[in-house]
file protein37.cif (mmCIF, C-alpha atoms)
data_my_file
#
loop_
_atom_site.label_atom_id
_atom_site.label_comp_id
_atom_site.auth_asym_id
_atom_site.auth_seq_id
_atom_site.Cartn_x
_atom_site.Cartn_y
_atom_site.Cartn_z
CA MET A 1 8.20 -63.64 -1.99
CA GLN A 2 11.07 -61.81 -0.40
CA HIS A 3 11.78 -60.14 -3.71
CA ARG A 4 8.25 -58.88 -3.91
CA HIS A 5 8.47 -57.61 -0.35
CA ALA A 6 11.75 -55.91 -1.14
CA CYS A 7 10.01 -54.12 -4.00
CA PHE A 8 7.85 -52.29 -1.56
CA SER A 9 10.79 -51.12 0.45
CA LEU A 10 12.15 -49.91 -2.89
CA GLN A 11 15.22 -52.10 -2.81
CA CYS A 12 14.45 -53.76 -6.10
CA PRO A 13 16.88 -55.35 -8.46
CA TYR A 14 17.75 -53.11 -11.39
CA TRP A 15 15.51 -54.99 -13.81
CA VAL A 16 12.32 -54.17 -11.90
CA SER A 17 11.37 -50.97 -13.65
CA LYS A 18 9.68 -47.96 -12.14
CA PRO A 19 6.69 -48.25 -14.51
CA PHE A 20 6.22 -51.83 -13.26
CA LEU A 21 6.10 -50.58 -9.68
CA VAL A 22 3.63 -47.87 -10.58
CA ILE A 23 1.33 -50.39 -12.27
CA LEU A 24 1.69 -52.75 -9.31
CA PHE A 25 0.75 -49.93 -6.94
CA TYR A 26 -2.48 -49.25 -8.79
CA LEU A 27 -3.30 -52.96 -9.16
CA LEU A 28 -2.87 -53.48 -5.44
CA GLN A 29 -4.94 -50.43 -4.58
CA VAL A 30 -7.75 -51.71 -6.81
CA TRP A 31 -7.67 -55.07 -5.04
CA ASN A 32 -7.45 -53.46 -1.61
CA HIS A 33 -10.36 -51.14 -2.22
CA ASP A 34 -12.59 -53.88 -3.68
CA PHE A 35 -11.84 -55.98 -0.60
CA PHE A 36 -12.60 -52.98 1.64
CA TRP A 37 -16.00 -52.22 0.03
CA GLU A 38 -17.00 -55.86 0.35
CA SER A 39 -16.04 -55.83 4.04
CA MET A 40 -18.75 -53.32 4.89
CA LYS A 41 -22.52 -53.35 5.14
CA PRO A 42 -24.34 -50.04 4.61
CA ARG A 43 -26.61 -47.92 6.80
CA GLY A 44 -25.43 -49.14 10.14
CA GLY A 45 -26.43 -52.65 9.12
CA GLY A 46 -22.96 -53.81 9.83
CA GLY A 47 -22.18 -55.49 13.05
CA GLY A 48 -23.49 -59.00 13.42
CA LYS A 49 -21.05 -61.37 14.99
CA PRO A 50 -18.22 -63.67 14.08
CA SER A 51 -19.31 -67.28 13.59
CA GLU A 52 -18.85 -69.79 16.42
CA ASP A 53 -15.77 -71.30 14.79
CA LEU A 54 -14.21 -67.92 14.17
CA LEU A 55 -15.03 -66.73 17.67
CA LYS A 56 -13.35 -69.80 19.15
CA LEU A 57 -10.16 -69.01 17.29
CA ILE A 58 -10.42 -65.31 18.20
CA ASP A 59 -10.67 -66.27 21.86
CA ARG A 60 -7.63 -68.51 21.48
CA ASP A 61 -5.46 -65.97 19.65
CA PHE A 62 -6.60 -62.65 21.19
CA GLY A 63 -7.98 -63.71 24.58
CA SER A 64 -11.46 -62.43 23.74
CA PHE A 65 -13.45 -60.62 21.06
CA GLU A 66 -12.79 -57.33 22.89
CA GLY A 67 -9.09 -58.17 22.90
CA PHE A 68 -9.21 -58.58 19.14
CA VAL A 69 -11.12 -55.32 18.64
CA ASN A 70 -8.59 -53.46 20.83
CA GLU A 71 -5.64 -54.84 18.95
CA PHE A 72 -7.22 -54.00 15.59
CA LYS A 73 -8.06 -50.46 16.72
CA THR A 74 -4.60 -49.89 18.19
CA ALA A 75 -2.90 -51.08 15.03
CA ALA A 76 -5.10 -48.78 12.93
CA GLN A 77 -4.34 -45.82 15.18
CA THR A 78 -0.58 -46.38 15.20
CA GLN A 79 0.15 -47.00 11.52
CA PHE A 80 2.42 -44.10 10.49
CA GLY A 81 1.55 -42.55 7.15
CA SER A 82 -0.76 -44.13 4.60
CA GLY A 83 -1.68 -47.77 4.73
CA TRP A 84 -4.07 -50.53 5.68
CA VAL A 85 -4.71 -52.71 8.72
CA TRP A 86 -5.68 -56.33 8.20
CA PHE A 87 -7.35 -59.08 10.18
CA ALA A 88 -6.04 -62.25 8.57
CA TYR A 89 -5.82 -66.00 8.88
CA LYS A 90 -2.20 -67.02 8.81
CA ASP A 91 -1.27 -70.49 7.65
CA SER A 92 2.10 -70.84 9.33
CA ARG A 93 3.34 -69.33 12.55
CA LEU A 94 6.88 -68.84 11.40
CA ASP A 95 7.50 -65.11 11.11
CA VAL A 96 10.56 -65.41 8.93
CA GLY A 97 9.90 -64.66 5.28
CA ASN A 98 10.04 -67.66 2.93
CA ALA A 99 10.55 -70.14 5.76
CA VAL A 100 8.55 -73.34 5.37
CA ASN A 101 7.24 -74.91 8.51
CA PRO A 102 8.31 -78.58 8.38
CA LEU A 103 5.98 -79.70 11.13
CA ARG A 104 2.68 -78.05 10.36
CA SER A 105 -0.15 -78.59 12.79
CA ASP A 106 -3.48 -77.04 13.60
CA GLU A 107 -1.78 -74.99 16.28
CA ASP A 108 0.15 -73.17 13.59
CA LYS A 109 -2.88 -71.67 11.95
CA LYS A 110 -3.36 -68.36 13.63
CA LEU A 111 -5.50 -65.27 13.43
CA VAL A 112 -3.44 -62.08 13.30
CA VAL A 113 -3.73 -58.34 12.99
CA VAL A 114 -1.11 -56.79 10.72
CA LYS A 115 -0.37 -53.32 9.37
CA SER A 116 0.88 -52.53 5.90
CA PRO A 117 2.10 -49.27 4.35
CA ASN A 118 0.73 -47.55 1.25
CA ALA A 119 -0.58 -50.21 -1.16
CA VAL A 120 1.07 -53.24 0.41
CA ASN A 121 -1.19 -56.24 0.92
CA PRO A 122 -0.36 -59.25 3.14
CA LEU A 123 -1.00 -61.61 0.23
CA ILE A 124 2.46 -60.68 -1.04
CA TRP A 125 4.02 -61.96 2.16
CA GLY A 126 2.67 -65.45 1.60
CA TYR A 127 0.67 -67.58 4.06
CA TYR A 128 -1.81 -64.75 4.84
CA TYR A 129 -5.50 -64.98 4.03
CA PRO A 130 -7.08 -61.54 4.57
CA LEU A 131 -10.47 -61.60 6.31
CA LEU A 132 -11.08 -57.90 6.96
CA THR A 133 -9.38 -54.61 6.22
CA ILE A 134 -9.65 -50.97 7.10
CA ASP A 135 -8.26 -48.21 4.86
CA ILE A 136 -6.32 -45.72 6.92
CA TRP A 137 -5.12 -43.45 4.16
CA GLU A 138 -6.32 -39.98 5.14
CA HIS A 139 -8.67 -39.83 2.13
CA ALA A 140 -10.72 -42.60 3.74
CA TYR A 141 -11.80 -40.46 6.68
CA TYR A 142 -10.68 -36.86 6.34
CA ILE A 143 -13.91 -35.33 5.04
CA ASP A 144 -16.04 -36.89 7.80
CA PHE A 145 -13.56 -37.05 10.65
CA GLN A 146 -10.64 -34.74 9.73
CA ASN A 147 -7.68 -35.72 11.93
CA ARG A 148 -9.83 -37.81 14.31
CA ARG A 149 -8.73 -41.19 13.05
CA PRO A 150 -9.69 -43.04 16.28
CA ASP A 151 -13.34 -41.91 15.84
CA TYR A 152 -13.37 -43.23 12.27
CA ILE A 153 -11.93 -46.57 13.36
CA SER A 154 -14.49 -46.97 16.18
CA MET A 155 -17.34 -46.11 13.83
CA PHE A 156 -16.06 -48.67 11.33
CA MET A 157 -15.73 -51.46 13.90
CA ASP A 158 -19.06 -50.71 15.62
CA LYS A 159 -21.28 -49.96 12.65
CA LEU A 160 -19.83 -51.01 9.31
CA VAL A 161 -18.04 -54.35 9.46
CA SER A 162 -20.01 -57.10 7.74
CA TRP A 163 -19.27 -60.21 9.80
CA GLU A 164 -21.22 -62.31 7.29
CA VAL A 165 -18.53 -61.57 4.75
CA VAL A 166 -15.71 -62.07 7.24
CA ASN A 167 -17.17 -65.43 8.32
CA SER A 168 -17.42 -66.67 4.74
CA ARG A 169 -13.86 -65.53 3.97
CA PHE A 170 -12.73 -67.45 7.05
CA GLU A 171 -14.47 -70.63 5.85
CA ASN A 172 -12.85 -70.23 2.42
CA ALA A 173 -9.43 -69.66 3.96
CA LYS A 174 -9.70 -72.78 6.12
CA ALA A 175 -10.85 -74.85 3.16
CA THR A 176 -8.02 -73.53 0.97
CA VAL A 177 -5.41 -74.28 3.60
CA GLU A 178 -6.75 -77.79 4.17
CA GLN A 179 -6.73 -78.44 0.44
CA MET A 180 -3.15 -77.22 0.15
CA GLU A 181 -2.11 -79.45 3.01
CA CYS A 182 -3.63 -82.48 1.32
CA GLU A 183 -1.84 -81.57 -1.90
CA ASP A 184 1.46 -81.15 -0.08
CA GLU A 185 1.00 -84.46 1.72
CA ARG A 186 0.19 -86.22 -1.54
CA LYS A 187 3.23 -84.75 -3.28
CA ARG A 188 5.47 -85.65 -0.36
CA ARG A 189 4.32 -89.27 -0.44
CA GLN A 190 4.78 -89.35 -4.19
CA GLU A 191 8.36 -88.10 -3.88
CA GLU A 192 9.16 -90.72 -1.28
CA GLU A 193 7.73 -93.54 -3.35
CA ARG A 194 9.33 -92.35 -6.58
CA PHE A 195 12.63 -94.17 -6.41
CA THR A 196 15.29 -95.37 -4.04
CA ILE A 197 18.93 -95.50 -5.05
CA ASP A 198 18.61 -99.18 -6.12
CA GLU A 199 15.82 -98.35 -8.53
CA ALA A 200 17.49 -95.28 -10.01
CA PRO A 201 17.47 -94.94 -13.78
CA ALA A 202 20.71 -95.73 -15.55
CA ASN A 203 23.36 -93.02 -15.44
CA ALA A 204 21.53 -91.07 -12.78
CA VAL A 205 23.86 -88.78 -10.91
CA PHE A 206 23.23 -87.92 -7.29
CA PRO A 207 24.35 -84.34 -6.71
CA ASP A 208 25.50 -84.77 -3.14
CA THR A 209 27.64 -87.77 -3.74
CA ASP A 210 29.88 -89.31 -6.33
CA ILE A 211 27.48 -92.23 -6.75
CA VAL A 212 26.62 -92.96 -10.32
CA SER A 213 24.26 -95.84 -10.82
CA GLU A 214 25.61 -98.79 -12.75
CA MET B 1 15.54 -23.99 11.65
CA ALA B 2 12.17 -22.42 12.39
CA ALA B 3 11.29 -24.29 15.56
CA ARG B 4 11.04 -21.91 18.44
CA SER B 5 12.53 -23.90 21.18
CA LEU B 6 12.56 -21.72 24.30
CA LEU B 7 9.54 -21.83 26.55
CA ASN B 8 8.61 -18.15 26.56
CA ARG B 9 5.86 -16.47 28.53
CA LYS B 10 3.35 -16.49 25.67
CA THR B 11 3.82 -20.20 25.07
CA LEU B 12 3.64 -20.81 28.81
CA ALA B 13 0.26 -19.08 28.92
CA THR B 14 -0.95 -21.15 26.00
CA VAL B 15 0.12 -24.32 27.74
CA LEU B 16 -1.61 -23.20 30.96
CA ARG B 17 -4.83 -22.56 29.08
CA ARG B 18 -4.63 -25.86 27.27
CA ASP B 19 -3.70 -28.38 29.89
CA SER B 20 -2.42 -27.98 33.38
CA ALA B 21 -1.23 -31.55 33.43
CA ALA B 22 0.90 -30.82 30.39
CA LEU B 23 2.32 -27.78 32.20
CA GLY B 24 3.22 -30.00 35.11
CA ALA B 25 4.90 -32.44 32.77
CA THR B 26 6.71 -29.63 30.97
CA ALA B 27 7.94 -28.15 34.22
CA ALA B 28 9.05 -31.53 35.44
CA ALA B 29 10.84 -32.22 32.18
CA HIS B 30 12.60 -28.89 32.33
CA SER B 31 13.75 -29.46 35.85
CA ARG B 32 15.41 -32.68 34.66
CA GLY B 33 17.24 -30.80 31.93
CA LEU B 34 15.10 -32.19 29.14
CA HIS B 35 14.27 -29.81 26.31
CA THR B 36 10.56 -29.54 25.46
CA PHE B 37 9.47 -28.64 21.96
CA THR B 38 6.53 -26.33 21.35
CA LEU B 39 4.24 -25.55 18.45
CA PRO B 40 5.60 -22.48 16.62
CA ASP B 41 3.16 -19.66 15.94
CA LEU B 42 2.23 -18.72 12.38
CA SER B 43 3.14 -15.19 11.33
CA TYR B 44 -0.15 -14.90 9.42
CA ASP B 45 -3.81 -15.72 10.04
CA TYR B 46 -5.23 -19.11 9.10
CA GLY B 47 -7.31 -17.53 6.32
CA ALA B 48 -4.52 -15.37 4.91
CA LEU B 49 -3.43 -17.90 2.29
CA GLU B 50 -6.84 -18.19 0.63
CA PRO B 51 -7.84 -19.09 -1.99
CA ALA B 52 -4.70 -21.16 -2.53
CA ILE B 53 -5.05 -22.96 0.81
CA SER B 54 -8.26 -22.69 2.79
CA GLY B 55 -8.37 -21.37 6.35
CA GLU B 56 -10.06 -24.60 7.44
CA ILE B 57 -7.11 -26.64 6.24
CA MET B 58 -4.54 -24.26 7.75
CA GLU B 59 -6.21 -24.36 11.16
CA LEU B 60 -6.53 -28.16 11.26
CA HIS B 61 -3.06 -28.60 9.85
CA HIS B 62 -1.40 -26.30 12.40
CA LYS B 63 -3.55 -26.74 15.53
CA LYS B 64 -4.20 -30.46 15.23
CA HIS B 65 -1.69 -32.23 13.02
CA HIS B 66 1.47 -30.26 13.85
CA GLN B 67 0.48 -30.03 17.51
CA THR B 68 0.08 -33.82 17.66
CA TYR B 69 3.58 -34.29 16.24
CA VAL B 70 4.98 -31.92 18.88
CA THR B 71 3.11 -33.63 21.72
CA ASN B 72 4.12 -37.12 20.67
CA TYR B 73 7.72 -36.06 19.95
CA ASN B 74 8.03 -34.71 23.48
CA LYS B 75 6.50 -37.90 24.88
CA ALA B 76 8.90 -40.12 22.97
CA LEU B 77 11.90 -38.02 23.96
CA GLU B 78 10.87 -38.18 27.59
CA GLN B 79 10.65 -41.96 27.40
CA LEU B 80 14.08 -42.02 25.73
CA HIS B 81 15.45 -39.78 28.46
CA ASP B 82 14.27 -42.32 31.03
CA ALA B 83 15.53 -45.36 29.16
CA LEU B 84 19.05 -44.08 28.38
CA PRO B 85 20.52 -43.98 31.90
CA LYS B 86 18.97 -47.36 32.61
CA GLY B 87 20.62 -48.80 29.52
CA ASP B 88 17.25 -50.19 28.47
CA ALA B 89 18.36 -51.06 24.96
CA SER B 90 15.13 -52.55 23.67
CA THR B 91 13.11 -49.48 24.73
CA ILE B 92 15.72 -47.17 23.23
CA VAL B 93 15.53 -49.00 19.91
CA LYS B 94 11.74 -49.30 19.99
CA LEU B 95 11.38 -45.53 20.39
CA GLN B 96 13.39 -44.72 17.25
CA SER B 97 10.48 -44.94 14.81
CA ALA B 98 8.27 -42.71 17.00
CA ILE B 99 11.09 -40.17 17.33
CA LYS B 100 11.79 -40.20 13.59
CA PHE B 101 8.12 -39.89 12.70
CA ASN B 102 7.04 -37.26 15.21
CA GLY B 103 10.33 -35.35 15.28
CA GLY B 104 10.39 -35.35 11.50
CA GLY B 105 6.81 -34.12 11.48
CA HIS B 106 7.72 -31.24 13.78
CA ILE B 107 10.82 -30.30 11.77
CA ASN B 108 9.09 -30.49 8.40
CA HIS B 109 6.01 -28.54 9.38
CA SER B 110 8.07 -25.82 11.09
CA ILE B 111 9.86 -25.27 7.79
CA PHE B 112 6.59 -25.44 5.86
CA TRP B 113 4.91 -22.56 7.75
CA ASN B 114 7.92 -20.39 6.89
CA ASN B 115 7.71 -21.46 3.26
CA LEU B 116 4.25 -19.91 3.00
CA ALA B 117 3.23 -16.25 3.05
CA PRO B 118 0.13 -14.26 2.15
CA VAL B 119 0.20 -12.60 -1.25
CA ARG B 120 0.23 -9.14 0.34
CA GLU B 121 3.42 -10.09 2.16
CA GLY B 122 5.23 -11.30 -0.92
CA GLY B 123 3.80 -14.80 -1.22
CA GLY B 124 4.15 -16.04 -4.78
CA GLU B 125 6.80 -13.57 -5.88
CA PRO B 126 9.50 -15.53 -7.72
CA PRO B 127 12.95 -15.60 -6.18
CA LYS B 128 15.48 -12.96 -7.15
CA GLY B 129 19.15 -12.63 -6.33
CA SER B 130 21.46 -15.56 -5.89
CA LEU B 131 18.74 -18.20 -5.41
CA GLY B 132 17.00 -16.99 -8.58
CA TRP B 133 20.23 -17.32 -10.55
CA ALA B 134 20.98 -20.72 -9.04
CA ILE B 135 17.52 -21.95 -10.08
CA ASP B 136 18.07 -20.75 -13.64
CA GLU B 137 21.47 -22.39 -13.70
CA HIS B 138 20.44 -25.76 -12.32
CA PHE B 139 16.97 -26.17 -13.83
CA GLY B 140 17.03 -23.90 -16.86
CA SER B 141 14.27 -21.62 -15.64
CA PHE B 142 11.92 -21.02 -12.72
CA GLU B 143 9.06 -22.57 -14.72
CA LYS B 144 11.07 -25.75 -15.25
CA LEU B 145 11.71 -26.00 -11.49
CA VAL B 146 7.98 -25.66 -10.80
CA GLN B 147 7.23 -28.34 -13.39
CA LYS B 148 9.75 -30.73 -11.82
CA VAL B 149 8.53 -30.19 -8.26
CA ASN B 150 4.91 -30.65 -9.34
CA ALA B 151 5.70 -33.83 -11.26
CA GLU B 152 7.61 -35.37 -8.37
CA GLY B 153 5.01 -34.28 -5.85
CA ALA B 154 2.14 -35.72 -7.86
CA ALA B 155 3.94 -39.01 -8.43
CA LEU B 156 4.75 -39.62 -4.78
CA GLN B 157 2.85 -42.71 -3.63
CA GLY B 158 1.22 -42.45 -0.22
CA SER B 159 2.26 -39.68 2.15
CA GLY B 160 5.37 -37.54 2.05
CA TRP B 161 7.03 -34.30 1.06
CA VAL B 162 8.57 -32.80 -2.05
CA TRP B 163 11.60 -30.57 -1.50
CA LEU B 164 13.80 -28.02 -3.16
CA GLY B 165 17.10 -28.47 -1.38
CA LEU B 166 20.68 -27.33 -1.47
CA ASP B 167 23.33 -30.01 -1.63
CA LYS B 168 26.11 -28.33 0.34
CA GLU B 169 28.73 -30.84 -0.69
CA LEU B 170 28.07 -30.78 -4.40
CA LYS B 171 27.08 -27.10 -4.24
CA ARG B 172 23.96 -27.54 -6.31
CA LEU B 173 20.18 -27.41 -6.01
CA VAL B 174 18.18 -30.62 -5.98
CA VAL B 175 14.55 -31.66 -6.09
CA GLU B 176 13.90 -34.59 -3.78
CA THR B 177 11.01 -36.42 -2.20
CA THR B 178 10.79 -38.05 1.21
CA ALA B 179 8.25 -40.54 2.50
CA ASN B 180 5.98 -40.00 5.48
CA GLN B 181 7.68 -37.51 7.84
CA ASP B 182 11.26 -38.28 6.89
CA PRO B 183 13.19 -34.99 6.90
CA LEU B 184 15.23 -34.06 3.82
CA VAL B 185 18.46 -34.84 5.62
CA SER B 186 17.47 -38.51 5.55
CA LYS B 187 18.15 -38.44 1.80
CA GLY B 188 21.70 -37.13 2.31
CA PRO B 189 23.53 -35.53 5.23
CA GLY B 190 24.62 -32.54 3.16
CA LEU B 191 21.10 -31.63 2.03
CA VAL B 192 19.56 -28.41 3.34
CA PRO B 193 15.83 -27.84 2.85
CA LEU B 194 14.96 -24.53 1.19
CA LEU B 195 11.35 -25.26 0.31
CA GLY B 196 9.15 -28.19 1.32
CA ILE B 197 5.63 -28.92 0.11
CA ASP B 198 3.51 -31.24 2.22
CA VAL B 199 1.72 -33.79 -0.01
CA TRP B 200 0.06 -35.74 2.77
CA GLU B 201 -3.67 -35.82 2.01
CA HIS B 202 -4.43 -33.75 5.13
CA ALA B 203 -2.61 -30.85 3.45
CA TYR B 204 -5.16 -30.54 0.63
CA TYR B 205 -8.01 -33.05 0.76
CA LEU B 206 -10.76 -30.86 2.23
CA GLN B 207 -10.26 -28.32 -0.54
CA TYR B 208 -8.87 -30.21 -3.53
CA LYS B 209 -10.15 -33.73 -2.77
CA ASN B 210 -7.98 -36.28 -4.56
CA VAL B 211 -6.74 -33.81 -7.18
CA ARG B 212 -3.27 -33.33 -5.78
CA PRO B 213 -1.97 -31.73 -9.02
CA ASP B 214 -4.41 -28.82 -8.56
CA TYR B 215 -3.11 -28.23 -5.03
CA LEU B 216 0.45 -28.26 -6.35
CA LYS B 217 -0.43 -25.86 -9.16
CA ASN B 218 -2.00 -23.38 -6.74
CA ILE B 219 0.40 -23.46 -3.82
CA TRP B 220 3.05 -21.54 -5.78
CA LYS B 221 0.86 -18.44 -5.37
CA VAL B 222 1.68 -18.37 -1.67
CA ILE B 223 5.26 -19.62 -1.59
CA ASN B 224 7.53 -17.37 0.46
CA TRP B 225 10.71 -17.14 -1.62
CA LYS B 226 12.20 -14.57 0.74
CA TYR B 227 12.67 -17.23 3.39
CA ALA B 228 14.08 -19.77 0.91
CA SER B 229 16.55 -17.13 -0.36
CA GLU B 230 17.69 -16.29 3.16
CA VAL B 231 18.41 -19.93 3.92
CA TYR B 232 20.14 -20.38 0.57
CA ASP B 233 22.37 -17.33 1.10
CA LYS B 234 23.29 -18.43 4.58
CA GLU B 235 24.05 -22.05 3.69
CA SER B 236 25.87 -21.48 0.43
CA SER B 237 28.34 -18.92 1.76
#
call {"tool": "encode", "arguments": {"input": "protein37.cif", "output": "structure tokens"}}
result
Amino acid sequence: MQHRHACFSLQCPYWVSKPFLVILFYLLQVWNHDFFWESMKPRGGGGGKPSEDLLKLIDRDFGSFEGFVNEFKTAAQTQFGSGWVWFAYKDSRLDVGNAVNPLRSDEDKKLVVVKSPNAVNPLIWGYYYPLLTIDIWEHAYYIDFQNRRPDYISMFMDKLVSWEVVNSRFENAKATVEQMECEDERKRRQEEERFTIDEAPANAVFPDTDIVSE
Amino acid sequence: MAARSLLNRKTLATVLRRDSAALGATAAAHSRGLHTFTLPDLSYDYGALEPAISGEIMELHHKKHHQTYVTNYNKALEQLHDALPKGDASTIVKLQSAIKFNGGGHINHSIFWNNLAPVREGGGEPPKGSLGWAIDEHFGSFEKLVQKVNAEGAALQGSGWVWLGLDKELKRLVVETTANQDPLVSKGPGLVPLLGIDVWEHAYYLQYKNVRPDYLKNIWKVINWKYASEVYDKESS
């Protein structure tokens, strides 16, 4: 995960070739744009509202729906250069890459607004489930709004966001996370039940000790 | 460096017309010994580079984009000026990205306006003299330089600049790219920008849409090699 993130800051190991990065860029941009088109509803039919469940979590994590909208708009206005801004469901609150939260609870699942440069997508950071995105490359708004990015962002939030789609992505994300937690719990119990030292197979070696079973 | 830094009477009048609050801020900043950057004037009309670059793009690019960099650069520097004597380390560090982005934007665009000239003022005429010879020596020919710059500029992902620079230490010309508003010096302290081409989408989208290679092909018709040669002669002596 960290390796993939390092790729986008161009600090790749020597064996990650430039052609690979170019292909990855285009792959990501395809995904990002598909996700973006699906996030919108045409002819001012966007709008609608977040579902009750989603709204509850928005209130918890942003203070209010307006608080969320402000944070999303501010992030979109302050991203330097090309990129995307995401509203996402984050599985673990730990902000350190690759860190696994040993004591996961419902409190850890959090709604966040994050920015990413160029073609980067929060999926590569792990634990993020994108719910909504806005493209803030200049090509997304220049013909209609020229340099007036804030106007484009307001128009998007007020008139184009399809909350139906966002709500269903949220339900999917919750279901996926719950499923993964059950899997993890099952695997953990399996590991514990697998064997104790007394039941170890013959000649098993325990790496941390000099114990070799008889 | 092209940035006109002194607050002269003409600029003062422009500021007065634009925003009296800004004038107040500028005056206040000056009285505290803080330098205020201003938008440099173009030495040609917005429409003078047509058809290579449209007047609409030039006006938006200069009046809106570059002006915004200048305004935000000044704002960030003022905040830095306040935070330094207080030893407010977290604010000082937090401001670095805004300073780099907006200051870089001001530096890069100031160079860019000098890199362009209308055809009737020599825009597009290939370089002669020592820069011309240096280009032939380092790239083989002027055409090969153009090819290299265009290839690098087209391949740049996202926003950034493509440069022809002079490496003062190695005494040779280089073609480099920088991301976002990073100035050329961020790629090496000995690098001097001779020619920069803005490949942010705002530099070409209204006219060329997504076909950046067409923009790159056409911009050579209005490149001001006189300026690049002057800088080269000065920095390579």
call {"tool": "resolve_selection", "arguments": {"input": "protein37.cif", "expression": "the PyMOL selection byres ((chain B) within 9 of (chain A))", "output": "NGL selection string"}}
result
:B and (60-61 or 64-65 or 98 or 101 or 157-160 or 179-181 or 200-202 or 205-206 or 209-210)
call {"tool": "closest_residue", "arguments": {"input": "protein37.cif", "among": "B:Val149, B:Gly165, B:Ser90, B:Asp198", "to": "Ala134 (chain B)", "atoms": "all atoms listed in the file"}}
result
B:Gly165
call {"tool": "residues_around", "arguments": {"input": "protein37.cif", "residues": "region 54-63 of chain A", "least_positions_apart": "6", "cutoff": "8 Å", "atoms": "only C-alpha atoms", "output": "ChimeraX atom specification"}}
result
/A:110-112,167,170
call {"tool": "atom_distance", "arguments": {"input": "protein37.cif", "atom1": "CA of Asp233 (chain B)", "atom2": "CA of Trp163 (chain B)"}}
result
17.3 Å
call {"tool": "closest_residue", "arguments": {"input": "protein37.cif", "among": "B:Leu77, B:Val162, B:Ile219, B:Leu173", "to": "Asn102 (chain B)", "atoms": "only C-alpha atoms"}}
result
B:Leu77
call {"tool": "residues_around", "arguments": {"input": "protein37.cif", "residues": "Asn108 (chain B)", "least_positions_apart": "2", "cutoff": "10 Å", "atoms": "all atoms listed in the file", "output": "NGL selection string"}}
result
:B and (1-3 or 66 or 102-106 or 110-113 or 161 or 181-184 or 193 or 195-198)
call {"tool": "closest_residue", "arguments": {"input": "protein37.cif", "among": "B:Pro189, B:Pro118, B:Gln67, B:Ala83", "to": "Gly55 (chain B)", "atoms": "only C-alpha atoms"}}
result
B:Pro118
call {"tool": "residues_around", "arguments": {"input": "protein37.cif", "residues": "Gly124 (chain B)", "least_positions_apart": "3", "cutoff": "6 Å", "atoms": "only C-alpha atoms", "output": "number ranges by chain"}}
result
B: 220-223
call {"tool": "atom_distance", "arguments": {"input": "protein37.cif", "atom1": "CA of Lys187 (chain B)", "atom2": "CA of Leu42 (chain B)"}}
result
27.5 Å
